[in-house]
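Structure file data_22.txt; described as compact mmCIF, C-alpha atoms and all ligand atoms.
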```txt
# COMPACT_ATOMS: atom_id res chain seq x y z
CA MET A 1 -22.08 27.52 -11.81
CA VAL A 2 -19.77 24.59 -12.45
CA ARG A 3 -17.79 25.63 -9.42
CA ARG A 4 -20.87 25.56 -7.20
CA VAL A 5 -21.79 22.07 -8.34
CA VAL A 6 -18.32 20.80 -7.51
CA CYS A 7 -18.43 22.39 -4.07
CA LEU A 8 -21.81 20.85 -3.30
CA TRP A 9 -20.52 17.45 -4.26
CA LEU A 10 -17.44 17.82 -2.11
CA ALA A 11 -19.61 18.78 0.83
CA LEU A 12 -21.15 15.30 0.67
CA VAL A 13 -17.92 13.37 0.90
CA PRO A 14 -16.51 12.13 4.20
CA VAL A 15 -14.25 14.47 6.11
CA PHE A 16 -10.65 13.41 6.40
CA GLY A 17 -9.46 11.71 9.57
CA ALA A 18 -7.16 13.41 11.97
CA GLY A 19 -4.06 11.66 10.64
CA ILE A 20 -1.36 10.31 12.90
CA ALA A 21 -0.72 12.35 16.05
CA PRO A 22 2.85 13.60 16.66
CA SER A 23 2.87 11.65 19.94
CA GLU A 24 2.29 8.42 18.02
CA TYR A 25 5.43 8.92 15.93
CA LYS A 26 7.40 9.52 19.12
CA GLN A 27 5.90 6.41 20.67
CA ARG A 28 6.86 4.31 17.63
CA ARG A 29 10.47 5.45 18.01
CA ALA A 30 10.38 4.68 21.72
CA GLU A 31 9.12 1.13 21.00
CA LEU A 32 11.82 0.56 18.41
CA ARG A 33 14.64 2.09 20.49
CA LYS A 34 13.93 -0.34 23.35
CA THR A 35 14.87 -3.23 21.03
CA LEU A 36 18.16 -1.79 19.70
CA ASP A 37 21.65 -3.10 20.49
CA GLY A 38 23.38 -0.17 18.88
CA VAL A 39 22.68 2.67 16.49
CA MET A 40 20.12 2.77 13.70
CA VAL A 41 20.84 5.14 10.82
CA LEU A 42 18.05 6.05 8.42
CA PHE A 43 18.16 8.35 5.41
CA GLY A 44 15.00 10.17 4.35
CA ALA A 45 14.07 10.74 0.71
CA ASP A 46 15.74 13.55 -1.24
CA GLU A 47 13.88 16.15 -3.30
CA PRO A 48 13.05 14.33 -6.57
CA GLU A 49 14.84 15.53 -9.68
CA ASP A 50 12.18 13.96 -11.90
CA LEU A 51 9.39 16.49 -12.43
CA HIS A 52 6.77 13.71 -12.76
CA THR A 53 6.39 13.44 -9.03
CA SER A 54 6.29 15.63 -5.97
CA PHE A 55 8.22 14.82 -2.80
CA PHE A 56 7.15 11.76 -0.86
CA GLN A 57 9.00 10.64 2.26
CA GLU A 58 10.59 7.19 2.38
CA THR A 59 8.09 5.07 4.30
CA ASN A 60 10.31 3.71 7.11
CA PHE A 61 11.46 7.26 7.75
CA LEU A 62 7.87 8.49 7.59
CA TYR A 63 6.64 5.74 9.92
CA LEU A 64 9.13 6.74 12.62
CA SER A 65 9.04 10.52 12.23
CA GLY A 66 6.12 11.88 10.23
CA TRP A 67 8.82 14.19 8.79
CA ARG A 68 7.87 15.48 5.32
CA GLU A 69 10.90 17.48 4.23
CA PRO A 70 13.66 16.16 1.95
CA GLY A 71 17.24 15.30 2.79
CA ALA A 72 16.86 14.40 6.47
CA VAL A 73 18.80 11.74 8.40
CA MET A 74 17.78 10.01 11.62
CA MET A 75 19.87 8.21 14.26
CA LEU A 76 18.31 6.16 17.01
CA THR A 77 19.85 4.37 19.98
CA ARG A 78 18.39 3.22 23.27
CA ASP A 79 19.39 6.54 24.83
CA GLU A 80 19.19 9.06 22.01
CA GLU A 81 17.14 10.14 19.03
CA ILE A 82 18.59 12.71 16.68
CA LEU A 83 17.17 14.25 13.50
CA PHE A 84 19.68 15.83 11.09
CA LEU A 85 18.41 18.50 8.69
CA PRO A 86 20.01 20.15 5.67
CA PRO A 87 20.81 23.88 5.92
CA HIS A 88 18.53 26.48 4.36
CA ASP A 89 19.01 26.85 0.63
CA ARG A 90 17.22 30.08 -0.20
CA GLN A 91 17.48 29.51 -3.95
CA MET A 92 15.88 26.05 -3.70
CA GLU A 93 13.25 27.41 -1.32
CA ILE A 94 12.13 29.84 -4.04
CA PHE A 95 11.17 26.79 -6.10
CA ASN A 96 10.11 24.28 -3.45
CA GLY A 97 8.86 26.38 -0.57
CA PRO A 98 10.31 27.12 2.89
CA LYS A 99 12.02 24.31 4.78
CA THR A 100 13.13 23.72 8.35
CA ALA A 101 16.80 23.78 9.28
CA ALA A 102 18.45 22.69 12.55
CA ASP A 103 19.22 26.27 13.60
CA ASP A 104 15.57 27.34 13.37
CA ALA A 105 14.28 28.07 16.86
CA ASP A 106 11.27 25.78 16.45
CA ALA A 107 13.08 22.82 14.80
CA ALA A 108 12.82 20.51 17.83
CA GLU A 109 9.19 21.39 18.42
CA ARG A 110 8.20 20.91 14.79
CA SER A 111 9.98 17.60 14.47
CA GLY A 112 9.15 16.08 17.84
CA PHE A 113 12.77 14.92 18.19
CA ASP A 114 14.73 15.50 21.39
CA LYS A 115 17.69 16.72 19.39
CA VAL A 116 17.90 18.31 15.94
CA LEU A 117 21.36 18.84 14.42
CA PRO A 118 22.62 20.11 11.06
CA LEU A 119 23.44 17.55 8.38
CA SER A 120 27.12 18.52 8.71
CA ALA A 121 27.13 16.80 12.13
CA VAL A 122 26.14 13.39 10.78
CA GLU A 123 29.62 11.89 10.54
CA SER A 124 30.86 12.97 13.95
CA ALA A 125 27.61 11.93 15.64
CA TYR A 126 27.75 8.56 13.91
CA GLN A 127 31.33 7.93 15.03
CA ARG A 128 30.43 8.86 18.61
CA LEU A 129 27.37 6.59 18.69
CA ALA A 130 29.05 3.72 16.83
CA GLU A 131 31.84 3.67 19.42
CA LYS A 132 29.28 2.77 22.10
CA SER A 133 27.41 0.32 19.86
CA ARG A 134 27.55 -3.40 19.25
CA ASP A 135 25.37 -3.41 16.11
CA ILE A 136 24.72 -0.96 13.30
CA TYR A 137 21.25 -0.99 11.76
CA SER A 138 20.73 0.42 8.28
CA VAL A 139 18.62 -0.26 5.21
CA PRO A 140 20.52 -2.67 2.93
CA GLY A 141 21.39 -1.21 -0.46
CA ASP A 142 21.19 2.42 0.69
CA LEU A 143 24.40 3.90 -0.79
CA ARG A 144 24.38 6.89 1.54
CA ALA A 145 24.30 4.53 4.51
CA GLN A 146 27.12 2.39 3.11
CA LYS A 147 29.35 5.43 2.82
CA LEU A 148 28.67 6.42 6.41
CA LEU A 149 29.05 2.88 7.75
CA ALA A 150 32.53 2.68 6.24
CA LEU A 151 33.61 5.21 8.93
CA ALA A 152 33.10 2.60 11.65
CA PRO A 153 33.67 -0.88 10.23
CA LEU A 154 33.94 -4.06 12.33
CA HIS A 155 30.43 -3.76 13.70
CA GLU A 156 27.67 -6.29 13.26
CA GLN A 157 25.45 -5.04 10.40
CA ARG A 158 21.71 -5.48 10.82
CA ASP A 159 18.74 -4.81 8.60
CA ALA A 160 16.88 -1.75 9.90
CA ALA A 161 13.92 -2.32 7.57
CA LYS A 162 13.35 -5.78 9.02
CA GLU A 163 13.35 -4.46 12.60
CA ILE A 164 10.96 -1.65 11.71
CA SER A 165 8.66 -4.05 9.82
CA ARG A 166 7.95 -5.91 13.06
CA LEU A 167 6.30 -2.72 14.31
CA ARG A 168 4.77 -1.65 11.01
CA VAL A 169 2.98 -4.94 10.51
CA ILE A 170 0.67 -4.35 13.50
CA LYS A 171 -1.49 -1.30 12.84
CA SER A 172 -2.54 1.18 15.52
CA GLU A 173 -6.11 2.42 15.79
CA ALA A 174 -5.18 5.63 14.00
CA GLU A 175 -3.58 3.66 11.17
CA ILE A 176 -6.62 1.41 10.82
CA GLU A 177 -8.75 4.54 10.61
CA GLN A 178 -6.59 5.93 7.80
CA ILE A 179 -6.60 2.66 5.84
CA THR A 180 -10.37 2.46 6.30
CA GLU A 181 -10.70 5.95 4.89
CA SER A 182 -8.51 5.16 1.85
CA THR A 183 -10.57 2.02 1.33
CA ASP A 184 -13.95 3.78 1.61
CA ILE A 185 -12.88 6.33 -0.98
CA THR A 186 -11.53 3.57 -3.22
CA VAL A 187 -14.84 1.70 -2.99
CA ALA A 188 -16.56 4.91 -4.15
CA ALA A 189 -14.10 5.06 -7.06
CA HIS A 190 -14.92 1.50 -8.13
CA LEU A 191 -18.65 2.17 -7.92
CA ALA A 192 -18.25 5.31 -10.06
CA ALA A 193 -16.42 3.19 -12.66
CA TRP A 194 -19.12 0.53 -12.65
CA LYS A 195 -21.72 3.16 -13.33
CA ALA A 196 -19.74 4.54 -16.26
CA ILE A 197 -18.67 1.31 -17.94
CA LYS A 198 -20.04 0.54 -21.35
CA ALA A 199 -18.80 -1.22 -24.48
CA GLY A 200 -16.73 1.07 -26.72
CA MET A 201 -15.16 3.03 -23.87
CA TYR A 202 -11.40 2.96 -23.42
CA GLU A 203 -9.61 1.51 -20.42
CA TYR A 204 -8.04 4.89 -19.64
CA GLN A 205 -11.47 6.45 -19.36
CA ILE A 206 -12.30 4.03 -16.57
CA ALA A 207 -8.95 4.69 -14.90
CA ALA A 208 -9.63 8.44 -15.15
CA THR A 209 -13.11 8.05 -13.66
CA MET A 210 -11.62 6.22 -10.68
CA THR A 211 -8.62 8.43 -9.99
CA ASN A 212 -10.86 11.49 -10.31
CA VAL A 213 -12.96 10.26 -7.39
CA TYR A 214 -10.05 9.96 -5.03
CA PHE A 215 -8.22 13.07 -6.13
CA GLN A 216 -11.49 14.97 -5.59
CA HIS A 217 -11.45 13.61 -2.05
CA GLY A 218 -7.99 15.04 -1.42
CA CYS A 219 -6.06 11.76 -1.63
CA GLU A 220 -2.48 12.53 -2.63
CA ARG A 221 -1.77 9.78 -5.14
CA SER A 222 -2.64 6.33 -6.38
CA ALA A 223 -1.34 3.64 -4.04
CA TYR A 224 0.00 1.99 -7.25
CA ALA A 225 -0.44 2.71 -10.95
CA PRO A 226 -4.06 1.90 -11.84
CA ILE A 227 -4.61 -1.39 -13.64
CA VAL A 228 -7.63 -1.40 -15.96
CA GLY A 229 -7.48 -4.30 -18.41
CA ALA A 230 -10.27 -5.67 -20.59
CA GLY A 231 -10.32 -8.91 -22.58
CA PRO A 232 -6.73 -9.90 -23.50
CA ASP A 233 -5.37 -7.23 -21.13
CA SER A 234 -7.20 -8.81 -18.17
CA VAL A 235 -4.69 -11.69 -18.11
CA ILE A 236 -1.66 -9.39 -17.67
CA LEU A 237 -1.15 -9.18 -13.91
CA HIS A 238 0.35 -5.68 -13.75
CA TYR A 239 -1.11 -4.20 -16.94
CA MET A 240 -0.79 -0.43 -16.58
CA THR A 241 -1.03 0.80 -20.17
CA ASN A 242 -4.83 1.17 -19.97
CA HIS A 243 -5.07 2.10 -23.63
CA ARG A 244 -7.36 -0.40 -25.33
CA ARG A 245 -11.02 -0.13 -26.26
CA MET A 246 -13.29 -2.36 -24.17
CA ASP A 247 -15.78 -4.40 -26.12
CA ALA A 248 -19.02 -6.19 -25.34
CA GLY A 249 -18.44 -9.78 -24.28
CA GLU A 250 -15.19 -8.99 -22.46
CA VAL A 251 -14.49 -8.78 -18.76
CA VAL A 252 -12.63 -5.77 -17.42
CA LEU A 253 -10.31 -6.19 -14.45
CA MET A 254 -9.89 -3.06 -12.31
CA ASP A 255 -7.10 -3.15 -9.70
CA VAL A 256 -7.15 0.43 -8.47
CA GLY A 257 -6.52 1.91 -5.02
CA ALA A 258 -5.91 5.31 -3.47
CA GLU A 259 -3.29 6.57 -1.05
CA CYS A 260 -4.91 9.05 1.31
CA SER A 261 -3.14 10.68 4.28
CA ASP A 262 -0.12 8.41 3.58
CA TYR A 263 -2.00 5.11 3.81
CA ALA A 264 -2.69 2.74 0.92
CA THR A 265 -5.45 0.31 0.12
CA ASP A 266 -5.70 -2.34 -2.59
CA VAL A 267 -8.97 -3.41 -4.22
CA THR A 268 -9.69 -5.38 -7.39
CA ARG A 269 -12.93 -6.30 -9.09
CA THR A 270 -13.57 -7.95 -12.44
CA VAL A 271 -16.85 -7.16 -14.18
CA PRO A 272 -18.50 -7.73 -17.57
CA VAL A 273 -18.13 -4.75 -19.94
CA ASN A 274 -21.72 -5.01 -21.20
CA GLY A 275 -23.18 -5.78 -17.77
CA LYS A 276 -23.69 -9.51 -18.22
CA PHE A 277 -21.11 -12.27 -17.67
CA THR A 278 -21.07 -15.01 -20.32
CA SER A 279 -21.73 -18.41 -18.78
CA ARG A 280 -18.02 -19.26 -19.09
CA GLN A 281 -16.93 -15.99 -17.49
CA ARG A 282 -19.39 -16.55 -14.68
CA GLU A 283 -18.20 -20.11 -14.15
CA LEU A 284 -14.60 -18.93 -13.77
CA TYR A 285 -15.69 -15.97 -11.65
CA GLU A 286 -17.47 -18.29 -9.21
CA VAL A 287 -14.28 -20.37 -8.86
CA VAL A 288 -12.21 -17.32 -7.93
CA LEU A 289 -14.90 -16.01 -5.59
CA GLY A 290 -15.19 -19.41 -3.91
CA ALA A 291 -11.42 -19.47 -3.38
CA GLN A 292 -11.48 -15.98 -1.93
CA LYS A 293 -14.30 -16.85 0.46
CA ALA A 294 -12.52 -20.04 1.58
CA ALA A 295 -9.33 -18.09 2.30
CA ILE A 296 -11.12 -15.24 4.08
CA ALA A 297 -13.01 -17.76 6.24
CA ALA A 298 -9.64 -19.07 7.44
CA VAL A 299 -8.24 -15.63 8.38
CA LYS A 300 -7.71 -15.42 12.15
CA PRO A 301 -4.85 -14.86 14.55
CA GLY A 302 -2.39 -17.76 14.25
CA ALA A 303 -3.21 -18.59 10.62
CA ARG A 304 -0.41 -18.03 8.09
CA MET A 305 -0.52 -16.53 4.62
CA ARG A 306 2.22 -18.87 3.38
CA GLY A 307 4.77 -21.42 4.41
CA GLU A 308 2.73 -24.17 6.04
CA LYS A 309 0.42 -26.96 4.97
CA ASN A 310 -2.84 -25.20 5.80
CA SER A 311 -1.74 -21.72 4.75
CA LEU A 312 -4.28 -19.35 3.23
CA GLN A 313 -2.32 -19.58 -0.03
CA GLN A 314 -2.77 -23.36 -0.05
CA ILE A 315 -6.47 -23.14 0.80
CA ALA A 316 -7.09 -20.80 -2.15
CA TYR A 317 -4.95 -22.88 -4.51
CA ASP A 318 -6.67 -26.12 -3.54
CA TYR A 319 -10.08 -24.56 -4.09
CA ILE A 320 -9.16 -23.27 -7.54
CA ASN A 321 -7.48 -26.54 -8.50
CA SER A 322 -10.50 -28.59 -7.53
CA HIS A 323 -13.18 -26.45 -9.19
CA GLY A 324 -13.61 -25.92 -12.92
CA LYS A 325 -11.46 -26.90 -15.89
CA ASP A 326 -9.70 -25.20 -18.80
CA LEU A 327 -10.64 -25.84 -22.44
CA HIS A 328 -8.48 -28.98 -22.42
CA GLY A 329 -10.04 -30.54 -19.36
CA ASP A 330 -7.09 -29.61 -17.12
CA THR A 331 -7.47 -28.26 -13.59
CA LEU A 332 -7.16 -24.50 -13.03
CA GLY A 333 -4.45 -24.31 -10.34
CA LYS A 334 -1.76 -23.47 -12.89
CA TYR A 335 -3.66 -20.31 -13.88
CA PHE A 336 -3.37 -18.88 -10.35
CA THR A 337 0.02 -17.38 -11.03
CA HIS A 338 0.72 -15.05 -8.09
CA GLY A 339 0.68 -14.85 -4.31
CA LEU A 340 -2.62 -14.75 -2.46
CA GLY A 341 -1.94 -11.49 -0.69
CA HIS A 342 0.36 -9.12 1.15
CA TYR A 343 0.42 -6.62 4.00
CA VAL A 344 -0.99 -3.13 3.36
CA GLY A 345 -0.11 0.10 5.16
CA LEU A 346 2.05 3.10 4.27
CA ASP A 347 3.09 0.99 1.27
CA VAL A 348 0.63 -0.98 -0.79
CA HIS A 349 3.02 -3.91 -0.42
CA ASP A 350 3.84 -3.14 3.19
CA PRO A 351 6.94 -4.82 4.63
CA GLY A 352 6.74 -7.96 6.74
CA ASP A 353 7.30 -11.68 6.41
CA LEU A 354 4.28 -13.47 4.93
CA THR A 355 5.12 -16.63 6.87
CA TRP A 356 4.57 -14.88 10.23
CA PRO A 357 1.41 -16.00 12.02
CA LEU A 358 -1.39 -13.49 11.59
CA GLU A 359 -2.16 -11.24 14.54
CA ALA A 360 -5.08 -8.94 15.31
CA GLY A 361 -4.30 -5.50 13.91
CA MET A 362 -2.58 -6.74 10.76
CA VAL A 363 -4.02 -5.51 7.46
CA ILE A 364 -3.69 -7.85 4.48
CA THR A 365 -5.14 -8.44 1.05
CA ILE A 366 -6.76 -11.67 -0.10
CA GLU A 367 -6.62 -11.71 -3.90
CA PRO A 368 -6.93 -15.03 -5.70
CA GLY A 369 -7.04 -14.92 -9.49
CA VAL A 370 -7.30 -17.08 -12.58
CA TYR A 371 -5.80 -15.88 -15.88
CA ILE A 372 -6.36 -17.89 -19.06
CA PRO A 373 -4.73 -16.20 -22.09
CA GLU A 374 -6.25 -18.72 -24.48
CA GLU A 375 -9.72 -17.51 -23.49
CA ASN A 376 -8.83 -13.82 -22.98
CA ILE A 377 -10.28 -14.08 -19.49
CA GLY A 378 -8.46 -12.86 -16.40
CA ILE A 379 -10.34 -12.69 -13.12
CA ARG A 380 -9.02 -11.33 -9.82
CA ILE A 381 -11.05 -10.44 -6.76
CA GLU A 382 -9.13 -8.54 -4.09
CA ASP A 383 -10.18 -7.13 -0.77
CA THR A 384 -8.27 -5.28 1.92
CA ILE A 385 -8.86 -7.03 5.22
CA LEU A 386 -8.23 -6.27 8.89
CA VAL A 387 -7.31 -9.27 11.04
CA THR A 388 -9.46 -9.11 14.19
CA PRO A 389 -9.22 -11.12 17.45
CA ASN A 390 -11.88 -13.49 16.08
CA GLY A 391 -11.31 -13.49 12.33
CA ALA A 392 -11.45 -10.93 9.56
CA LYS A 393 -13.12 -7.63 8.78
CA LEU A 394 -13.43 -6.81 5.08
CA LEU A 395 -12.57 -3.11 4.94
CA SER A 396 -13.64 -3.09 1.27
CA GLY A 397 -16.71 -5.22 1.96
CA ALA A 398 -19.08 -2.47 0.82
CA LEU A 399 -18.05 -3.17 -2.78
CA PRO A 400 -20.21 -6.07 -4.06
CA ARG A 401 -18.53 -9.33 -5.08
CA GLU A 402 -21.49 -11.54 -5.97
CA PRO A 403 -21.83 -11.76 -9.78
CA GLY A 404 -25.60 -11.09 -9.71
CA GLU A 405 -25.10 -7.93 -7.66
CA ILE A 406 -22.34 -6.74 -10.00
CA GLU A 407 -24.49 -7.28 -13.08
CA LYS A 408 -27.23 -5.13 -11.57
CA ARG A 409 -24.89 -2.15 -11.26
CA ILE A 410 -22.77 -2.06 -14.43
CA GLY A 411 -23.64 0.86 -16.69
CA LYS A 412 -26.39 2.12 -14.37
MN MN B 501 -2.67 -6.46 -4.11
```
Here is the file; what I need is its structure written in the form of C-alpha cells.
Ligand SMILES: [Mn+2]
Amino acid sequence: MVRRVVCLWLALVPVFGAGIAPSEYKQRRAELRKTLDGVMVLFGADEPEDLHTSFFQETNFLYLSGWREPGAVMMLTRDEEILFLPPHDRQMEIFNGPKTAADDADAAERSGFDKVLPLSAVESAYQRLAEKSRDIYSVPGDLRAQKLLALAPLHEQRDAAKEISRLRVIKSEAEIEQITESTDITVAAHLAAWKAIKAGMYEYQIAATMTNVYFQHGCERSAYAPIVGAGPDSVILHYMTNHRRMDAGEVVLMDVGAECSDYATDVTRTVPVNGKFTSRQRELYEVVLGAQKAAIAAVKPGARMRGEKNSLQQIAYDYINSHGKDLHGDTLGKYFTHGLGHYVGLDVHDPGDLTWPLEAGMVITIEPGVYIPEENIGIRIEDTILVTPNGAKLLSGALPREPGEIEKRIGK
C-alpha cells in the first residue's frame, strides 16, 4: 500500500530532461581546442576512499567529456584529443562495478574521443605533445599534473581552469534546461518545507523534508550542504549543523538547493517559524527584498556583478545602507557581509571572473542579506537567475518572495 502511494506521487513529478548529448561534449572540446597554444592536461577524479560519498567526476573534466568513470586523464591540443583510461581491475570491479578500459573494443565509441589509450601511455604521449607545444595548460595545485609537467619543463604554464571557465560561464540551451529542472525541483522542496514548518520542530527536520523532495525526484545530491538556521543560527552564513529547535518568534533561513543531472541551483528564503513576521523582522526583510529587486532590475548584458562603480554589488549595498537602521541608529550596510552572487552551473559556485560583463546565457545568483547577531535575525533572499538578451529571468521565480505571500503559506 505504502509502495503504491509513493509510485502515484512519483508519477506526478516532472520527467527528467534528456541531459547533455554526447555531441555537445565533443563540441565543447572542439571550441576549447581552437584556442590552445599547446597541450592541455586534465586529471579526472579518482574513486573516493571515503565511504561517505559515491564517485563524482571533477567538473572541468565532466564539462569537457561527460566521462563518469574514475582515474581518467585527458590531453587536448589543436590537432588531437586523447582520453587515457586505467586498466581493468577485476577485484575493484567486484566492489564498484564494471569499468571501461582502453583495450575494450567499444572504448572510443563510449567515450566519444578520437583516441583512447591506456593510462600507461600518459608520460610518453605527454612528452610527444609537449615537444610540439609552446604552452602547457593544467589545473594549478593538481599534484598529479605537477609530476607530469616536470617531464617537460621550460614551457609556459597556463591555468587550464581559467581557459575552460570562459566556456563554462555561458550556458548552452541544454544546460539551461538542466539548471531549470534542478531549480524547479528545489522550489518544490522549499514549498514542502514551508508547509511543514511549525514552532518546536528541529532544523534538521526541515532539511530532511527538503532533501527528501529532491532525492525522490532522482536528483543525485545536494548542490551544497543544506543550511537551515533559525533565530541565532540564521546569522551564521554557512550554518550546516541544522540541530537546533525552532521557536515561535524566530525567523528560519533556508539555503538549500539540489544537484540534478550534474547541474546545481542555489535558492534561499527566510520565513517566520510561526507564520507571522514580527514588525522588526518584516522591516529588515523588506530592506533585503528591496535590495534584491534593485539588483535584479539592473541585470542585463554589459552590467557587472563587481568591480565597477555601478556594479550590482554596489547597487544592493547602497540600497541596504540607505534603508533601515540597527538598534543603535546605525545604517545596515555593515551587516551585508558577503558577495551579492556568483555563477551557477555544474558547480554551485561555478568558475568565472565576477568582474566580467554579464552576457546572455550566464546563470548567476542574486543574494543580498542582512545578519544582525544582536537581534538574532539573519535574512537572505537568493534566486538563481538567467541573464537574457534584455535582462533577467528568475529561474526560481515560482517561489514567493513577498512577505505577505510567505505568511499565507507557512504551516499550511
Ligand atoms: Mn549562493
Practice problem: Name the residues, by chain letter and number, that sit within 10 Å of ligand MN 501 (chain B) using all atoms listed in the file, and give them as a PyMOL selection string. | Solution: chain A and resi 224+255-257+265-268+339-344+348-349+364-368+380-384
Quiz item: Which is closest to A:His190 among A:Ala101, A:Leu237, A:Met92, A:Ile410, if we use all atoms listed in the file?
Solution: A:Ile410
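Here the question is which of A:Ala107, A:Leu32, A:Met254, A:Ala72 gets nearest to A:Glu47 using only C-alpha atoms, and that residue is A:Ala72.
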Quiz item: Hey, can you pull every residue with an atom no more than 9 Å from (-6.9, -2.3, -20.1), using only C-alpha atoms, and send it as a VMD selection string?
Solution: chain A and resid 202 to 204 207 227 to 234 239 to 246 252 to 254
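For the pair atom CA of A:Gly141 and atom CA of A:Thr337, the separation is 28.8 Å.
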Self-check item: One-decimal distance in Å that lies between atom CA of A:Asp350 and atom CA of A:Thr77
Solution: 24.4 Å
Self-check item: Distance query A:Met40 at most 7 Å, only C-alpha atoms, self and fewer than 6 positions along chain excluded, as a ChimeraX atom specification
Solution: /A:75-77,136-138,160
Practice problem: Counting only C-alpha atoms, select every polymer residue within 7 Å of (-20.6, -4.1, -19.1) as defined in the file's coordinates, and provide the selection as a ChimeraX atom specification. | Solution: /A:197-199,248,271-276,410-411
Mind giving me the axis-aligned box for stretch 341-353 of chain A with 6 Å on every side, centre plus edges in Å to one decimal, as JSON?
```
{"center_x": 2.7, "center_y": -4.3, "center_z": 3.0, "size_x": 21.2, "size_y": 26.8, "size_z": 19.5}
```
Quiz item: When distances are computed from all atoms listed in the file, which of A:Gly345, A:Pro403, A:Pro118, A:Pro153 shows the smallest separation from A:Ser182?
Solution: A:Gly345
Quiz prompt | Contacts of A:Glu220 within 10 Å, only C-alpha atoms, excl. fewer than 4 positions in-chain, as a PyMOL selection string | solution = chain A and resi 54+56+214-216+258-263
Dump as an mmCIF file, keeping the file's coordinate frame, selection limited to C-alpha atoms:
```
data_model
loop_
_atom_site.group_PDB
_atom_site.id
_atom_site.type_symbol
_atom_site.label_atom_id
_atom_site.label_comp_id
_atom_site.auth_asym_id
_atom_site.auth_seq_id
_atom_site.Cartn_x
_atom_site.Cartn_y
_atom_site.Cartn_z
ATOM 1 C CA SER A 54 6.290 15.630 -5.970
ATOM 2 C CA PHE A 56 7.150 11.760 -0.860
ATOM 3 C CA TYR A 214 -10.050 9.960 -5.030
ATOM 4 C CA PHE A 215 -8.220 13.070 -6.130
ATOM 5 C CA GLN A 216 -11.490 14.970 -5.590
ATOM 6 C CA ALA A 258 -5.910 5.310 -3.470
ATOM 7 C CA GLU A 259 -3.290 6.570 -1.050
ATOM 8 C CA CYS A 260 -4.910 9.050 1.310
ATOM 9 C CA SER A 261 -3.140 10.680 4.280
ATOM 10 C CA ASP A 262 -0.120 8.410 3.580
ATOM 11 C CA TYR A 263 -2.000 5.110 3.810
#
```
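If you measure from each of A:Glu375, A:Gly302, A:Asn390, A:Glu402 to A:Val287 using all atoms listed in the file, the closest one turns out to be A:Glu402.
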Give me stretch 352-364 of chain A with N, CA and C atoms filled in, as a PDB file, in the coordinates of the input.
```pdb
ATOM      1  N   GLY A 352       7.066  -6.940   5.750  1.00  0.00           N
ATOM      2  CA  GLY A 352       6.740  -7.960   6.740  1.00  0.00           C
ATOM      3  C   GLY A 352       6.851  -9.322   6.086  1.00  0.00           C
ATOM      4  N   ASP A 353       7.093 -10.327   6.906  1.00  0.00           N
ATOM      5  CA  ASP A 353       7.300 -11.680   6.410  1.00  0.00           C
ATOM      6  C   ASP A 353       5.934 -12.372   6.317  1.00  0.00           C
ATOM      7  N   LEU A 354       5.624 -12.882   5.135  1.00  0.00           N
ATOM      8  CA  LEU A 354       4.280 -13.470   4.930  1.00  0.00           C
ATOM      9  C   LEU A 354       4.161 -14.865   5.548  1.00  0.00           C
ATOM     10  N   THR A 355       5.252 -15.362   6.150  1.00  0.00           N
ATOM     11  CA  THR A 355       5.120 -16.630   6.870  1.00  0.00           C
ATOM     12  C   THR A 355       4.868 -16.407   8.368  1.00  0.00           C
ATOM     13  N   TRP A 356       4.871 -15.160   8.811  1.00  0.00           N
ATOM     14  CA  TRP A 356       4.570 -14.880  10.230  1.00  0.00           C
ATOM     15  C   TRP A 356       3.109 -15.250  10.503  1.00  0.00           C
ATOM     16  N   PRO A 357       2.817 -15.754  11.694  1.00  0.00           N
ATOM     17  CA  PRO A 357       1.410 -16.000  12.020  1.00  0.00           C
ATOM     18  C   PRO A 357       0.633 -14.681  12.064  1.00  0.00           C
ATOM     19  N   LEU A 358      -0.573 -14.701  11.567  1.00  0.00           N
ATOM     20  CA  LEU A 358      -1.390 -13.490  11.590  1.00  0.00           C
ATOM     21  C   LEU A 358      -1.689 -13.095  13.027  1.00  0.00           C
ATOM     22  N   GLU A 359      -1.790 -11.770  13.229  1.00  0.00           N
ATOM     23  CA  GLU A 359      -2.160 -11.240  14.540  1.00  0.00           C
ATOM     24  C   GLU A 359      -3.232 -10.180  14.350  1.00  0.00           C
ATOM     25  N   ALA A 360      -4.072 -10.007  15.362  1.00  0.00           N
ATOM     26  CA  ALA A 360      -5.080  -8.940  15.310  1.00  0.00           C
ATOM     27  C   ALA A 360      -4.359  -7.613  15.086  1.00  0.00           C
ATOM     28  N   GLY A 361      -4.911  -6.784  14.203  1.00  0.00           N
ATOM     29  CA  GLY A 361      -4.300  -5.500  13.910  1.00  0.00           C
ATOM     30  C   GLY A 361      -3.461  -5.513  12.635  1.00  0.00           C
ATOM     31  N   MET A 362      -3.247  -6.703  12.068  1.00  0.00           N
ATOM     32  CA  MET A 362      -2.580  -6.740  10.760  1.00  0.00           C
ATOM     33  C   MET A 362      -3.615  -6.403   9.673  1.00  0.00           C
ATOM     34  N   VAL A 363      -3.149  -5.773   8.601  1.00  0.00           N
ATOM     35  CA  VAL A 363      -4.020  -5.510   7.460  1.00  0.00           C
ATOM     36  C   VAL A 363      -3.399  -6.191   6.240  1.00  0.00           C
ATOM     37  N   ILE A 364      -4.185  -7.037   5.599  1.00  0.00           N
ATOM     38  CA  ILE A 364      -3.690  -7.850   4.480  1.00  0.00           C
ATOM     39  C   ILE A 364      -4.664  -7.775   3.301  1.00  0.00           C
TER      40      ILE A 364
END
```
